[in-house]
file final-v4.cif (mmCIF, N, CA and C atoms)
data_start
loop_
_atom_site.label_atom_id
_atom_site.label_comp_id
_atom_site.auth_asym_id
_atom_site.auth_seq_id
_atom_site.Cartn_x
_atom_site.Cartn_y
_atom_site.Cartn_z
N MET V 1 8.94 -9.36 13.67
CA MET V 1 9.66 -8.14 13.97
C MET V 1 10.95 -8.16 13.17
N ASN V 2 11.30 -7.04 12.58
CA ASN V 2 12.56 -6.97 11.85
C ASN V 2 13.65 -6.41 12.75
N ASP V 3 14.85 -6.24 12.21
CA ASP V 3 16.00 -5.80 13.01
C ASP V 3 15.83 -4.42 13.63
N SER V 4 14.96 -3.60 13.08
CA SER V 4 14.78 -2.25 13.60
C SER V 4 13.80 -2.19 14.77
N GLY V 5 13.18 -3.33 15.12
CA GLY V 5 12.22 -3.34 16.21
C GLY V 5 10.85 -2.86 15.79
N VAL V 6 10.56 -2.86 14.50
CA VAL V 6 9.29 -2.37 13.97
C VAL V 6 8.46 -3.55 13.49
N PHE V 7 7.18 -3.56 13.87
CA PHE V 7 6.25 -4.59 13.43
C PHE V 7 5.52 -4.10 12.20
N ARG V 8 5.43 -4.94 11.18
CA ARG V 8 4.82 -4.53 9.92
C ARG V 8 3.92 -5.63 9.40
N SER V 9 2.74 -5.24 8.94
CA SER V 9 1.86 -6.19 8.28
C SER V 9 2.53 -6.60 6.97
N PRO V 10 2.49 -7.89 6.59
CA PRO V 10 3.14 -8.32 5.36
C PRO V 10 2.64 -7.59 4.12
N ASP V 11 1.38 -7.18 4.10
CA ASP V 11 0.84 -6.51 2.92
C ASP V 11 0.63 -5.01 3.14
N ALA V 12 1.24 -4.46 4.18
CA ALA V 12 1.07 -3.04 4.50
C ALA V 12 1.97 -2.18 3.63
N PRO V 13 1.54 -0.96 3.36
CA PRO V 13 2.42 -0.02 2.66
C PRO V 13 3.59 0.33 3.57
N PRO V 14 4.63 0.98 3.05
CA PRO V 14 5.80 1.29 3.86
C PRO V 14 5.49 2.02 5.16
N SER V 15 4.41 2.79 5.21
CA SER V 15 4.09 3.52 6.44
C SER V 15 3.30 2.67 7.44
N GLY V 16 2.94 1.44 7.07
CA GLY V 16 2.09 0.61 7.92
C GLY V 16 2.86 -0.10 9.01
N ILE V 17 3.15 0.58 10.09
CA ILE V 17 3.97 0.02 11.14
C ILE V 17 3.31 0.10 12.50
N VAL V 18 3.71 -0.77 13.35
CA VAL V 18 3.37 -0.70 14.77
C VAL V 18 4.69 -0.78 15.50
N SER V 19 4.98 0.17 16.33
CA SER V 19 6.25 0.20 17.03
C SER V 19 6.14 -0.46 18.39
N GLY V 20 6.99 -1.44 18.66
CA GLY V 20 7.04 -2.11 19.94
C GLY V 20 7.49 -1.19 21.06
N VAL V 21 8.06 -0.05 20.72
CA VAL V 21 8.52 0.89 21.73
C VAL V 21 7.34 1.54 22.44
N PHE V 22 6.25 1.76 21.75
CA PHE V 22 5.13 2.51 22.29
C PHE V 22 3.95 1.65 22.73
N LEU V 23 3.81 0.47 22.21
CA LEU V 23 2.68 -0.39 22.53
C LEU V 23 3.17 -1.75 23.01
N ASN V 24 2.38 -2.38 23.87
CA ASN V 24 2.67 -3.76 24.27
C ASN V 24 2.16 -4.66 23.15
N VAL V 25 3.05 -5.11 22.29
CA VAL V 25 2.64 -5.91 21.14
C VAL V 25 3.07 -7.35 21.31
N ASP V 26 2.31 -8.26 20.70
CA ASP V 26 2.68 -9.67 20.76
C ASP V 26 3.56 -10.02 19.57
N ALA V 27 3.86 -11.29 19.41
CA ALA V 27 4.77 -11.72 18.35
C ALA V 27 4.23 -11.43 16.96
N GLU V 28 2.91 -11.29 16.83
CA GLU V 28 2.31 -11.00 15.52
C GLU V 28 2.13 -9.50 15.30
N GLY V 29 2.57 -8.68 16.25
CA GLY V 29 2.40 -7.24 16.11
C GLY V 29 1.05 -6.76 16.58
N GLY V 30 0.31 -7.61 17.27
CA GLY V 30 -1.02 -7.25 17.74
C GLY V 30 -1.03 -6.80 19.18
N ILE V 31 -2.15 -6.20 19.56
CA ILE V 31 -2.30 -5.72 20.93
C ILE V 31 -3.61 -6.21 21.51
N GLU V 32 -3.56 -6.59 22.77
CA GLU V 32 -4.75 -6.98 23.54
C GLU V 32 -5.24 -5.76 24.29
N PHE V 33 -6.52 -5.46 24.20
CA PHE V 33 -7.07 -4.33 24.95
C PHE V 33 -6.80 -4.48 26.44
N SER V 34 -6.81 -5.72 26.93
CA SER V 34 -6.62 -5.95 28.36
C SER V 34 -5.21 -5.56 28.82
N GLN V 35 -4.28 -5.42 27.90
CA GLN V 35 -2.91 -5.02 28.24
C GLN V 35 -2.72 -3.51 28.24
N LEU V 36 -3.76 -2.78 27.85
CA LEU V 36 -3.71 -1.32 27.80
C LEU V 36 -4.48 -0.72 28.95
N ARG V 37 -4.08 0.46 29.37
CA ARG V 37 -4.86 1.18 30.36
C ARG V 37 -6.16 1.64 29.70
N PRO V 38 -7.29 1.50 30.41
CA PRO V 38 -8.54 2.03 29.85
C PRO V 38 -8.37 3.51 29.51
N GLY V 39 -8.88 3.89 28.37
CA GLY V 39 -8.76 5.28 27.94
C GLY V 39 -7.58 5.55 27.03
N THR V 40 -6.71 4.54 26.83
CA THR V 40 -5.60 4.70 25.88
C THR V 40 -6.19 4.93 24.50
N ILE V 41 -5.69 5.92 23.80
CA ILE V 41 -6.24 6.27 22.49
C ILE V 41 -5.36 5.69 21.39
N LEU V 42 -5.98 4.85 20.56
CA LEU V 42 -5.29 4.22 19.44
C LEU V 42 -5.81 4.77 18.13
N GLU V 43 -4.91 5.00 17.20
CA GLU V 43 -5.32 5.32 15.84
C GLU V 43 -5.10 4.05 15.03
N VAL V 44 -6.17 3.55 14.47
CA VAL V 44 -6.13 2.31 13.70
C VAL V 44 -6.40 2.66 12.24
N ARG V 45 -5.40 2.49 11.42
CA ARG V 45 -5.55 2.77 9.99
C ARG V 45 -5.79 1.47 9.25
N THR V 46 -6.83 1.48 8.44
CA THR V 46 -7.08 0.36 7.55
C THR V 46 -6.71 0.82 6.15
N LYS V 47 -6.84 -0.07 5.20
CA LYS V 47 -6.51 0.29 3.83
C LYS V 47 -7.33 1.49 3.35
N ASN V 48 -8.57 1.62 3.85
CA ASN V 48 -9.47 2.66 3.35
C ASN V 48 -9.81 3.78 4.32
N THR V 49 -9.67 3.57 5.64
CA THR V 49 -10.20 4.51 6.62
C THR V 49 -9.29 4.57 7.85
N ALA V 50 -9.34 5.70 8.55
CA ALA V 50 -8.65 5.83 9.84
C ALA V 50 -9.70 5.87 10.94
N TYR V 51 -9.52 5.05 11.96
CA TYR V 51 -10.43 4.95 13.09
C TYR V 51 -9.71 5.37 14.36
N THR V 52 -10.46 5.88 15.30
CA THR V 52 -9.95 6.08 16.65
C THR V 52 -10.64 5.03 17.51
N VAL V 53 -9.84 4.29 18.30
CA VAL V 53 -10.35 3.24 19.16
C VAL V 53 -9.82 3.50 20.57
N ILE V 54 -10.73 3.53 21.54
CA ILE V 54 -10.36 3.76 22.93
C ILE V 54 -10.91 2.62 23.77
N PRO V 55 -10.04 1.66 24.17
CA PRO V 55 -10.51 0.57 25.03
C PRO V 55 -11.03 1.12 26.36
N GLN V 56 -12.11 0.49 26.86
CA GLN V 56 -12.75 0.91 28.11
C GLN V 56 -12.52 -0.14 29.20
N ALA V 57 -12.68 0.25 30.44
CA ALA V 57 -12.44 -0.63 31.59
C ALA V 57 -13.35 -1.86 31.59
N ASP V 58 -14.57 -1.75 31.02
CA ASP V 58 -15.51 -2.87 31.03
C ASP V 58 -15.28 -3.86 29.89
N GLY V 59 -14.21 -3.68 29.12
CA GLY V 59 -13.91 -4.58 28.01
C GLY V 59 -14.43 -4.10 26.68
N GLY V 60 -15.28 -3.09 26.68
CA GLY V 60 -15.77 -2.51 25.44
C GLY V 60 -14.76 -1.53 24.88
N ALA V 61 -15.18 -0.81 23.86
CA ALA V 61 -14.32 0.20 23.26
C ALA V 61 -15.18 1.30 22.66
N THR V 62 -14.68 2.52 22.73
CA THR V 62 -15.29 3.64 22.03
C THR V 62 -14.58 3.73 20.69
N ILE V 63 -15.35 3.86 19.62
CA ILE V 63 -14.78 3.83 18.27
C ILE V 63 -15.48 4.87 17.40
N TRP V 64 -14.73 5.47 16.49
CA TRP V 64 -15.32 6.32 15.46
C TRP V 64 -14.35 6.46 14.31
N GLY V 65 -14.87 6.91 13.18
CA GLY V 65 -14.04 7.13 12.00
C GLY V 65 -14.69 6.71 10.70
N HIS V 66 -15.61 5.75 10.75
CA HIS V 66 -16.28 5.32 9.52
C HIS V 66 -17.38 6.33 9.19
N PRO V 67 -17.40 6.86 7.98
CA PRO V 67 -18.38 7.91 7.65
C PRO V 67 -19.83 7.46 7.71
N ASP V 68 -20.12 6.17 7.56
CA ASP V 68 -21.50 5.69 7.59
C ASP V 68 -21.87 5.05 8.92
N TYR V 69 -21.02 4.20 9.46
CA TYR V 69 -21.36 3.41 10.64
C TYR V 69 -21.05 4.09 11.97
N CYS V 70 -19.96 4.84 12.02
CA CYS V 70 -19.60 5.49 13.29
C CYS V 70 -18.83 6.78 13.04
N PRO V 71 -19.50 7.77 12.45
CA PRO V 71 -18.83 9.05 12.22
C PRO V 71 -18.58 9.80 13.53
N GLU V 72 -19.39 9.52 14.54
CA GLU V 72 -19.25 10.11 15.87
C GLU V 72 -18.89 8.99 16.84
N PRO V 73 -18.26 9.31 17.97
CA PRO V 73 -17.90 8.27 18.94
C PRO V 73 -19.10 7.47 19.43
N VAL V 74 -18.94 6.15 19.46
CA VAL V 74 -19.95 5.24 19.98
C VAL V 74 -19.21 4.18 20.80
N THR V 75 -19.74 3.86 21.97
CA THR V 75 -19.12 2.84 22.82
C THR V 75 -19.85 1.52 22.62
N LEU V 76 -19.08 0.48 22.31
CA LEU V 76 -19.64 -0.83 21.95
C LEU V 76 -18.93 -1.94 22.68
N GLN V 77 -19.62 -3.03 22.90
CA GLN V 77 -19.02 -4.28 23.33
C GLN V 77 -18.76 -5.09 22.07
N GLY V 78 -17.78 -5.96 22.10
CA GLY V 78 -17.53 -6.83 20.94
C GLY V 78 -16.66 -6.24 19.87
N VAL V 79 -15.82 -5.27 20.21
CA VAL V 79 -14.89 -4.70 19.24
C VAL V 79 -13.63 -5.57 19.24
N GLY V 80 -13.11 -5.86 18.07
CA GLY V 80 -11.90 -6.66 17.95
C GLY V 80 -11.48 -6.72 16.50
N ALA V 81 -10.96 -7.87 16.11
CA ALA V 81 -10.49 -8.01 14.73
C ALA V 81 -10.78 -9.42 14.24
N SER V 82 -10.90 -9.53 12.92
CA SER V 82 -11.14 -10.81 12.26
C SER V 82 -9.91 -11.19 11.45
N TYR V 83 -9.54 -12.46 11.56
CA TYR V 83 -8.47 -12.99 10.72
C TYR V 83 -9.00 -13.15 9.30
N VAL V 84 -8.10 -13.39 8.37
CA VAL V 84 -8.49 -13.59 6.97
C VAL V 84 -9.48 -14.74 6.85
N THR V 85 -9.37 -15.72 7.72
CA THR V 85 -10.26 -16.89 7.70
C THR V 85 -11.67 -16.55 8.17
N GLY V 86 -11.85 -15.36 8.78
CA GLY V 86 -13.15 -14.97 9.31
C GLY V 86 -13.27 -15.18 10.80
N LEU V 87 -12.32 -15.88 11.42
CA LEU V 87 -12.33 -16.09 12.86
C LEU V 87 -12.18 -14.74 13.57
N PHE V 88 -13.09 -14.47 14.51
CA PHE V 88 -13.11 -13.20 15.23
C PHE V 88 -12.39 -13.33 16.56
N ARG V 89 -11.61 -12.31 16.91
CA ARG V 89 -10.91 -12.26 18.20
C ARG V 89 -11.28 -10.95 18.89
N GLU V 90 -12.10 -11.05 19.92
CA GLU V 90 -12.57 -9.87 20.64
C GLU V 90 -11.45 -9.25 21.48
N GLY V 91 -11.41 -7.90 21.51
CA GLY V 91 -10.45 -7.19 22.34
C GLY V 91 -9.02 -7.28 21.85
N TYR V 92 -8.85 -7.53 20.55
CA TYR V 92 -7.51 -7.70 19.97
C TYR V 92 -7.48 -7.03 18.61
N LEU V 93 -6.37 -6.37 18.29
CA LEU V 93 -6.16 -5.77 16.97
C LEU V 93 -4.75 -6.09 16.50
N ALA V 94 -4.58 -6.33 15.21
CA ALA V 94 -3.25 -6.58 14.66
C ALA V 94 -3.22 -6.19 13.18
N PRO V 95 -2.08 -5.72 12.70
CA PRO V 95 -1.94 -5.45 11.27
C PRO V 95 -2.23 -6.71 10.46
N GLY V 96 -2.90 -6.52 9.33
CA GLY V 96 -3.27 -7.64 8.46
C GLY V 96 -4.65 -8.19 8.75
N MET V 97 -5.18 -7.93 9.96
CA MET V 97 -6.52 -8.36 10.31
C MET V 97 -7.51 -7.26 9.92
N ARG V 98 -8.79 -7.55 10.06
CA ARG V 98 -9.83 -6.56 9.77
C ARG V 98 -10.45 -6.10 11.08
N LEU V 99 -10.49 -4.78 11.30
CA LEU V 99 -11.20 -4.24 12.45
C LEU V 99 -12.65 -4.69 12.34
N SER V 100 -13.21 -5.16 13.45
CA SER V 100 -14.56 -5.71 13.44
C SER V 100 -15.33 -5.20 14.64
N PHE V 101 -16.56 -4.73 14.38
CA PHE V 101 -17.39 -4.21 15.47
C PHE V 101 -18.86 -4.35 15.12
N PRO V 102 -19.71 -4.56 16.16
CA PRO V 102 -21.15 -4.68 15.92
C PRO V 102 -21.80 -3.30 15.97
N ILE V 103 -22.70 -3.07 15.03
CA ILE V 103 -23.44 -1.80 15.06
C ILE V 103 -24.75 -1.98 14.29
N ASP V 104 -25.80 -1.45 14.83
CA ASP V 104 -27.13 -1.52 14.20
C ASP V 104 -27.53 -2.96 13.85
N GLY V 105 -27.23 -3.90 14.75
CA GLY V 105 -27.65 -5.28 14.54
C GLY V 105 -26.84 -6.07 13.55
N LYS V 106 -25.73 -5.54 13.07
CA LYS V 106 -24.87 -6.30 12.15
C LYS V 106 -23.41 -6.11 12.54
N ARG V 107 -22.55 -6.96 12.02
CA ARG V 107 -21.13 -6.85 12.30
C ARG V 107 -20.43 -6.23 11.09
N VAL V 108 -19.68 -5.18 11.34
CA VAL V 108 -18.90 -4.50 10.30
C VAL V 108 -17.48 -5.04 10.35
N ASN V 109 -16.97 -5.49 9.22
CA ASN V 109 -15.59 -5.91 9.07
C ASN V 109 -14.94 -4.97 8.05
N THR V 110 -13.93 -4.25 8.47
CA THR V 110 -13.32 -3.24 7.63
C THR V 110 -12.33 -3.85 6.64
N SER V 111 -11.71 -2.99 5.85
CA SER V 111 -10.56 -3.43 5.07
C SER V 111 -9.43 -3.74 6.06
N ARG V 112 -8.37 -4.32 5.60
CA ARG V 112 -7.29 -4.78 6.49
C ARG V 112 -6.60 -3.63 7.22
N ILE V 113 -6.25 -3.90 8.47
CA ILE V 113 -5.50 -2.95 9.29
C ILE V 113 -4.08 -2.87 8.75
N THR V 114 -3.62 -1.65 8.48
CA THR V 114 -2.26 -1.45 8.01
C THR V 114 -1.36 -0.85 9.08
N GLU V 115 -1.95 -0.16 10.06
CA GLU V 115 -1.14 0.51 11.07
C GLU V 115 -1.94 0.71 12.35
N ILE V 116 -1.29 0.53 13.47
CA ILE V 116 -1.88 0.84 14.77
C ILE V 116 -0.89 1.76 15.48
N ALA V 117 -1.34 2.96 15.82
CA ALA V 117 -0.44 3.92 16.45
C ALA V 117 -1.05 4.43 17.74
N LEU V 118 -0.23 4.66 18.69
CA LEU V 118 -0.64 5.24 19.97
C LEU V 118 -0.79 6.74 19.80
N LYS V 119 -2.02 7.25 20.01
CA LYS V 119 -2.24 8.69 19.95
C LYS V 119 -1.98 9.32 21.30
N ARG V 120 -2.47 8.65 22.35
CA ARG V 120 -2.24 9.15 23.70
C ARG V 120 -2.42 8.01 24.68
N LYS V 121 -1.51 7.94 25.62
CA LYS V 121 -1.57 6.91 26.65
C LYS V 121 -2.01 7.59 27.94
N ASN V 122 -3.10 7.11 28.52
CA ASN V 122 -3.58 7.66 29.78
C ASN V 122 -2.82 7.07 30.95
#
call {"tool": "encode", "arguments": {"input": "final-v4.cif", "output": "structure tokens"}}
result
Amino acid sequence: MNDSGVFRSPDAPPSGIVSGVFLNVDAEGGIEFSQLRPGTILEVRTKNTAYTVIPQADGGATIWGHPDYCPEPVTLQGVGASYVTGLFREGYLAPGMRLSFPIDGKRVNTSRITEIALKRKN
């Protein structure tokens, strides 16, 4: 966190921020789905695509935004993020990591997350 209270991925463009004012973020600028109210709407921007992610009460998440894998909302278990090393962390997202979700029998790992913004808090 810098002096302004803004969390930024080290390789994010200037607009790639997560604000601690609006989200419960950890020291790395990440958020645990379990710390959010089910139905909270997150906008997750990666280097290439913008996704909408809505954590659900059962630990899953509704996600959409990828033109091939999830152009329409789909609710999945196992949504989270992968570190650069490939280690997967379920129910967690942070700038610099890759959004990761299972679909059609395979795991999709996106380009790196540059920004996580709260669209609406239920």
call {"tool": "atom_distance", "arguments": {"input": "final-v4.cif", "atom1": "atom C of V:Tyr83", "atom2": "atom C of V:Gly96"}}
result
6.6 Å
call {"tool": "resolve_selection", "arguments": {"input": "final-v4.cif", "expression": "the PyMOL selection byres ((chain V and resi 90) around 6)", "output": "list in words"}}
result
Gly78, Val79, Gly80, Ala81, Phe88, Arg89, Gly91 and Tyr92 of chain V
call {"tool": "closest_residue", "arguments": {"input": "final-v4.cif", "among": "V:Arg112, V:Arg37, V:Arg107, V:His66", "to": "V:Tyr51", "atoms": "only N, CA and C atoms"}}
result
V:His66
call {"tool": "atom_distance", "arguments": {"input": "final-v4.cif", "atom1": "atom N of V:Asp58", "atom2": "atom C of V:Thr40"}}
result
12.5 Å
call {"tool": "residues_around", "arguments": {"input": "final-v4.cif", "residues": "V:Gln56", "least_positions_apart": "3", "cutoff": "8 Å", "atoms": "only C-alpha atoms", "output": "PyMOL selection string"}}
result
chain V and resi 38-39+59-62
call {"tool": "select_by_dssp", "arguments": {"input": "final-v4.cif", "residues": "stretch 25-122 of chain V", "states": "strand (DSSP E or B)", "output": "short mmCIF file (atom, residue, chain, number, x, y, z; two decimals) with N, CA and C atoms, in the frame of the given file"}}
result
data_model
loop_
_atom_site.label_atom_id
_atom_site.label_comp_id
_atom_site.auth_asym_id
_atom_site.auth_seq_id
_atom_site.Cartn_x
_atom_site.Cartn_y
_atom_site.Cartn_z
N ILE V 31 -2.15 -6.20 19.56
CA ILE V 31 -2.30 -5.72 20.93
C ILE V 31 -3.61 -6.21 21.51
N GLU V 32 -3.56 -6.59 22.77
CA GLU V 32 -4.75 -6.98 23.54
C GLU V 32 -5.24 -5.76 24.29
N ILE V 41 -5.69 5.92 23.80
CA ILE V 41 -6.24 6.27 22.49
C ILE V 41 -5.36 5.69 21.39
N LEU V 42 -5.98 4.85 20.56
CA LEU V 42 -5.29 4.22 19.44
C LEU V 42 -5.81 4.77 18.13
N GLU V 43 -4.91 5.00 17.20
CA GLU V 43 -5.32 5.32 15.84
C GLU V 43 -5.10 4.05 15.03
N VAL V 44 -6.17 3.55 14.47
CA VAL V 44 -6.13 2.31 13.70
C VAL V 44 -6.40 2.66 12.24
N ARG V 45 -5.40 2.49 11.42
CA ARG V 45 -5.55 2.77 9.99
C ARG V 45 -5.79 1.47 9.25
N THR V 46 -6.83 1.48 8.44
CA THR V 46 -7.08 0.36 7.55
C THR V 46 -6.71 0.82 6.15
N ALA V 50 -9.34 5.70 8.55
CA ALA V 50 -8.65 5.83 9.84
C ALA V 50 -9.70 5.87 10.94
N TYR V 51 -9.52 5.05 11.96
CA TYR V 51 -10.43 4.95 13.09
C TYR V 51 -9.71 5.37 14.36
N THR V 52 -10.46 5.88 15.30
CA THR V 52 -9.95 6.08 16.65
C THR V 52 -10.64 5.03 17.51
N VAL V 53 -9.84 4.29 18.30
CA VAL V 53 -10.35 3.24 19.16
C VAL V 53 -9.82 3.50 20.57
N ILE V 54 -10.73 3.53 21.54
CA ILE V 54 -10.36 3.76 22.93
C ILE V 54 -10.91 2.62 23.77
N PRO V 55 -10.04 1.66 24.17
CA PRO V 55 -10.51 0.57 25.03
C PRO V 55 -11.03 1.12 26.36
N ALA V 61 -15.18 -0.81 23.86
CA ALA V 61 -14.32 0.20 23.26
C ALA V 61 -15.18 1.30 22.66
N THR V 62 -14.68 2.52 22.73
CA THR V 62 -15.29 3.64 22.03
C THR V 62 -14.58 3.73 20.69
N ILE V 63 -15.35 3.86 19.62
CA ILE V 63 -14.78 3.83 18.27
C ILE V 63 -15.48 4.87 17.40
N TRP V 64 -14.73 5.47 16.49
CA TRP V 64 -15.32 6.32 15.46
C TRP V 64 -14.35 6.46 14.31
N HIS V 66 -15.61 5.75 10.75
CA HIS V 66 -16.28 5.32 9.52
C HIS V 66 -17.38 6.33 9.19
N CYS V 70 -19.96 4.84 12.02
CA CYS V 70 -19.60 5.49 13.29
C CYS V 70 -18.83 6.78 13.04
N VAL V 74 -18.94 6.15 19.46
CA VAL V 74 -19.95 5.24 19.98
C VAL V 74 -19.21 4.18 20.80
N THR V 75 -19.74 3.86 21.97
CA THR V 75 -19.12 2.84 22.82
C THR V 75 -19.85 1.52 22.62
N LEU V 76 -19.08 0.48 22.31
CA LEU V 76 -19.64 -0.83 21.95
C LEU V 76 -18.93 -1.94 22.68
N GLY V 80 -13.11 -5.86 18.07
CA GLY V 80 -11.90 -6.66 17.95
C GLY V 80 -11.48 -6.72 16.50
N ALA V 81 -10.96 -7.87 16.11
CA ALA V 81 -10.49 -8.01 14.73
C ALA V 81 -10.78 -9.42 14.24
N SER V 82 -10.90 -9.53 12.92
CA SER V 82 -11.14 -10.81 12.26
C SER V 82 -9.91 -11.19 11.45
N PHE V 88 -13.09 -14.47 14.51
CA PHE V 88 -13.11 -13.20 15.23
C PHE V 88 -12.39 -13.33 16.56
N ARG V 89 -11.61 -12.31 16.91
CA ARG V 89 -10.91 -12.26 18.20
C ARG V 89 -11.28 -10.95 18.89
N GLU V 90 -12.10 -11.05 19.92
CA GLU V 90 -12.57 -9.87 20.64
C GLU V 90 -11.45 -9.25 21.48
N TYR V 92 -8.85 -7.53 20.55
CA TYR V 92 -7.51 -7.70 19.97
C TYR V 92 -7.48 -7.03 18.61
N LEU V 93 -6.37 -6.37 18.29
CA LEU V 93 -6.16 -5.77 16.97
C LEU V 93 -4.75 -6.09 16.50
N ARG V 98 -8.79 -7.55 10.06
CA ARG V 98 -9.83 -6.56 9.77
C ARG V 98 -10.45 -6.10 11.08
N LEU V 99 -10.49 -4.78 11.30
CA LEU V 99 -11.20 -4.24 12.45
C LEU V 99 -12.65 -4.69 12.34
N SER V 100 -13.21 -5.16 13.45
CA SER V 100 -14.56 -5.71 13.44
C SER V 100 -15.33 -5.20 14.64
N PHE V 101 -16.56 -4.73 14.38
CA PHE V 101 -17.39 -4.21 15.47
C PHE V 101 -18.86 -4.35 15.12
N PRO V 102 -19.71 -4.56 16.16
CA PRO V 102 -21.15 -4.68 15.92
C PRO V 102 -21.80 -3.30 15.97
N ILE V 103 -22.70 -3.07 15.03
CA ILE V 103 -23.44 -1.80 15.06
C ILE V 103 -24.75 -1.98 14.29
N LYS V 106 -25.73 -5.54 13.07
CA LYS V 106 -24.87 -6.30 12.15
C LYS V 106 -23.41 -6.11 12.54
N ARG V 107 -22.55 -6.96 12.02
CA ARG V 107 -21.13 -6.85 12.30
C ARG V 107 -20.43 -6.23 11.09
N VAL V 108 -19.68 -5.18 11.34
CA VAL V 108 -18.90 -4.50 10.30
C VAL V 108 -17.48 -5.04 10.35
N ASN V 109 -16.97 -5.49 9.22
CA ASN V 109 -15.59 -5.91 9.07
C ASN V 109 -14.94 -4.97 8.05
N THR V 110 -13.93 -4.25 8.47
CA THR V 110 -13.32 -3.24 7.63
C THR V 110 -12.33 -3.85 6.64
N SER V 111 -11.71 -2.99 5.85
CA SER V 111 -10.56 -3.43 5.07
C SER V 111 -9.43 -3.74 6.06
N ARG V 112 -8.37 -4.32 5.60
CA ARG V 112 -7.29 -4.78 6.49
C ARG V 112 -6.60 -3.63 7.22
N ILE V 113 -6.25 -3.90 8.47
CA ILE V 113 -5.50 -2.95 9.29
C ILE V 113 -4.08 -2.87 8.75
N THR V 114 -3.62 -1.65 8.48
CA THR V 114 -2.26 -1.45 8.01
C THR V 114 -1.36 -0.85 9.08
N GLU V 115 -1.95 -0.16 10.06
CA GLU V 115 -1.14 0.51 11.07
C GLU V 115 -1.94 0.71 12.35
N ILE V 116 -1.29 0.53 13.47
CA ILE V 116 -1.88 0.84 14.77
C ILE V 116 -0.89 1.76 15.48
N ALA V 117 -1.34 2.96 15.82
CA ALA V 117 -0.44 3.92 16.45
C ALA V 117 -1.05 4.43 17.74
N LEU V 118 -0.23 4.66 18.69
CA LEU V 118 -0.64 5.24 19.97
C LEU V 118 -0.79 6.74 19.80
N LYS V 119 -2.02 7.25 20.01
CA LYS V 119 -2.24 8.69 19.95
C LYS V 119 -1.98 9.32 21.30
N ARG V 120 -2.47 8.65 22.35
CA ARG V 120 -2.24 9.15 23.70
C ARG V 120 -2.42 8.01 24.68
#
call {"tool": "atom_distance", "arguments": {"input": "final-v4.cif", "atom1": "atom CA of V:Pro67", "atom2": "atom CA of V:Thr110"}}
result
12.2 Å
call {"tool": "resolve_selection", "arguments": {"input": "final-v4.cif", "expression": "the PyMOL selection byres ((chain V and resi 44) around 6.5)", "output": "short mmCIF file (atom, residue, chain, number, x, y, z; two decimals) with N, CA and C atoms, keeping the file's coordinate frame"}}
result
data_model
loop_
_atom_site.label_atom_id
_atom_site.label_comp_id
_atom_site.auth_asym_id
_atom_site.auth_seq_id
_atom_site.Cartn_x
_atom_site.Cartn_y
_atom_site.Cartn_z
N LEU V 42 -5.98 4.85 20.56
CA LEU V 42 -5.29 4.22 19.44
C LEU V 42 -5.81 4.77 18.13
N GLU V 43 -4.91 5.00 17.20
CA GLU V 43 -5.32 5.32 15.84
C GLU V 43 -5.10 4.05 15.03
N ARG V 45 -5.40 2.49 11.42
CA ARG V 45 -5.55 2.77 9.99
C ARG V 45 -5.79 1.47 9.25
N THR V 46 -6.83 1.48 8.44
CA THR V 46 -7.08 0.36 7.55
C THR V 46 -6.71 0.82 6.15
N THR V 49 -9.67 3.57 5.64
CA THR V 49 -10.20 4.51 6.62
C THR V 49 -9.29 4.57 7.85
N ALA V 50 -9.34 5.70 8.55
CA ALA V 50 -8.65 5.83 9.84
C ALA V 50 -9.70 5.87 10.94
N TYR V 51 -9.52 5.05 11.96
CA TYR V 51 -10.43 4.95 13.09
C TYR V 51 -9.71 5.37 14.36
N THR V 52 -10.46 5.88 15.30
CA THR V 52 -9.95 6.08 16.65
C THR V 52 -10.64 5.03 17.51
N VAL V 53 -9.84 4.29 18.30
CA VAL V 53 -10.35 3.24 19.16
C VAL V 53 -9.82 3.50 20.57
N ILE V 113 -6.25 -3.90 8.47
CA ILE V 113 -5.50 -2.95 9.29
C ILE V 113 -4.08 -2.87 8.75
N THR V 114 -3.62 -1.65 8.48
CA THR V 114 -2.26 -1.45 8.01
C THR V 114 -1.36 -0.85 9.08
N GLU V 115 -1.95 -0.16 10.06
CA GLU V 115 -1.14 0.51 11.07
C GLU V 115 -1.94 0.71 12.35
N ILE V 116 -1.29 0.53 13.47
CA ILE V 116 -1.88 0.84 14.77
C ILE V 116 -0.89 1.76 15.48
N ALA V 117 -1.34 2.96 15.82
CA ALA V 117 -0.44 3.92 16.45
C ALA V 117 -1.05 4.43 17.74
#
call {"tool": "residues_around", "arguments": {"input": "final-v4.cif", "residues": "V:Ile103", "least_positions_apart": "3", "cutoff": "8 Å", "atoms": "all atoms listed in the file", "output": "ChimeraX atom specification"}}
result
/V:69,76,100,106-108
call {"tool": "decode", "arguments": {"input": "final-v4.cif", "residues": "stretch 109-121 of chain V", "atoms": "C-alpha atoms", "output": "PDB file, in the first residue's frame"}}
result
ATOM      1  CA  ASN V 109      -6.049 -18.961 -16.438  1.00  0.00           C
ATOM      2  CA  THR V 110      -6.412 -15.415 -17.711  1.00  0.00           C
ATOM      3  CA  SER V 111      -3.862 -12.700 -18.276  1.00  0.00           C
ATOM      4  CA  ARG V 112      -2.804 -10.945 -15.067  1.00  0.00           C
ATOM      5  CA  ILE V 113      -5.333  -9.071 -12.964  1.00  0.00           C
ATOM      6  CA  THR V 114      -4.664  -5.334 -13.120  1.00  0.00           C
ATOM      7  CA  GLU V 115      -7.653  -4.006 -11.185  1.00  0.00           C
ATOM      8  CA  ILE V 116     -10.423  -5.181  -8.881  1.00  0.00           C
ATOM      9  CA  ALA V 117     -13.271  -2.739  -8.370  1.00  0.00           C
ATOM     10  CA  LEU V 118     -16.471  -2.930  -6.404  1.00  0.00           C
ATOM     11  CA  LYS V 119     -19.432  -2.482  -8.752  1.00  0.00           C
ATOM     12  CA  ARG V 120     -22.104  -2.995  -6.124  1.00  0.00           C
ATOM     13  CA  LYS V 121     -22.120  -4.173  -2.550  1.00  0.00           C
TER      14      LYS V 121
END
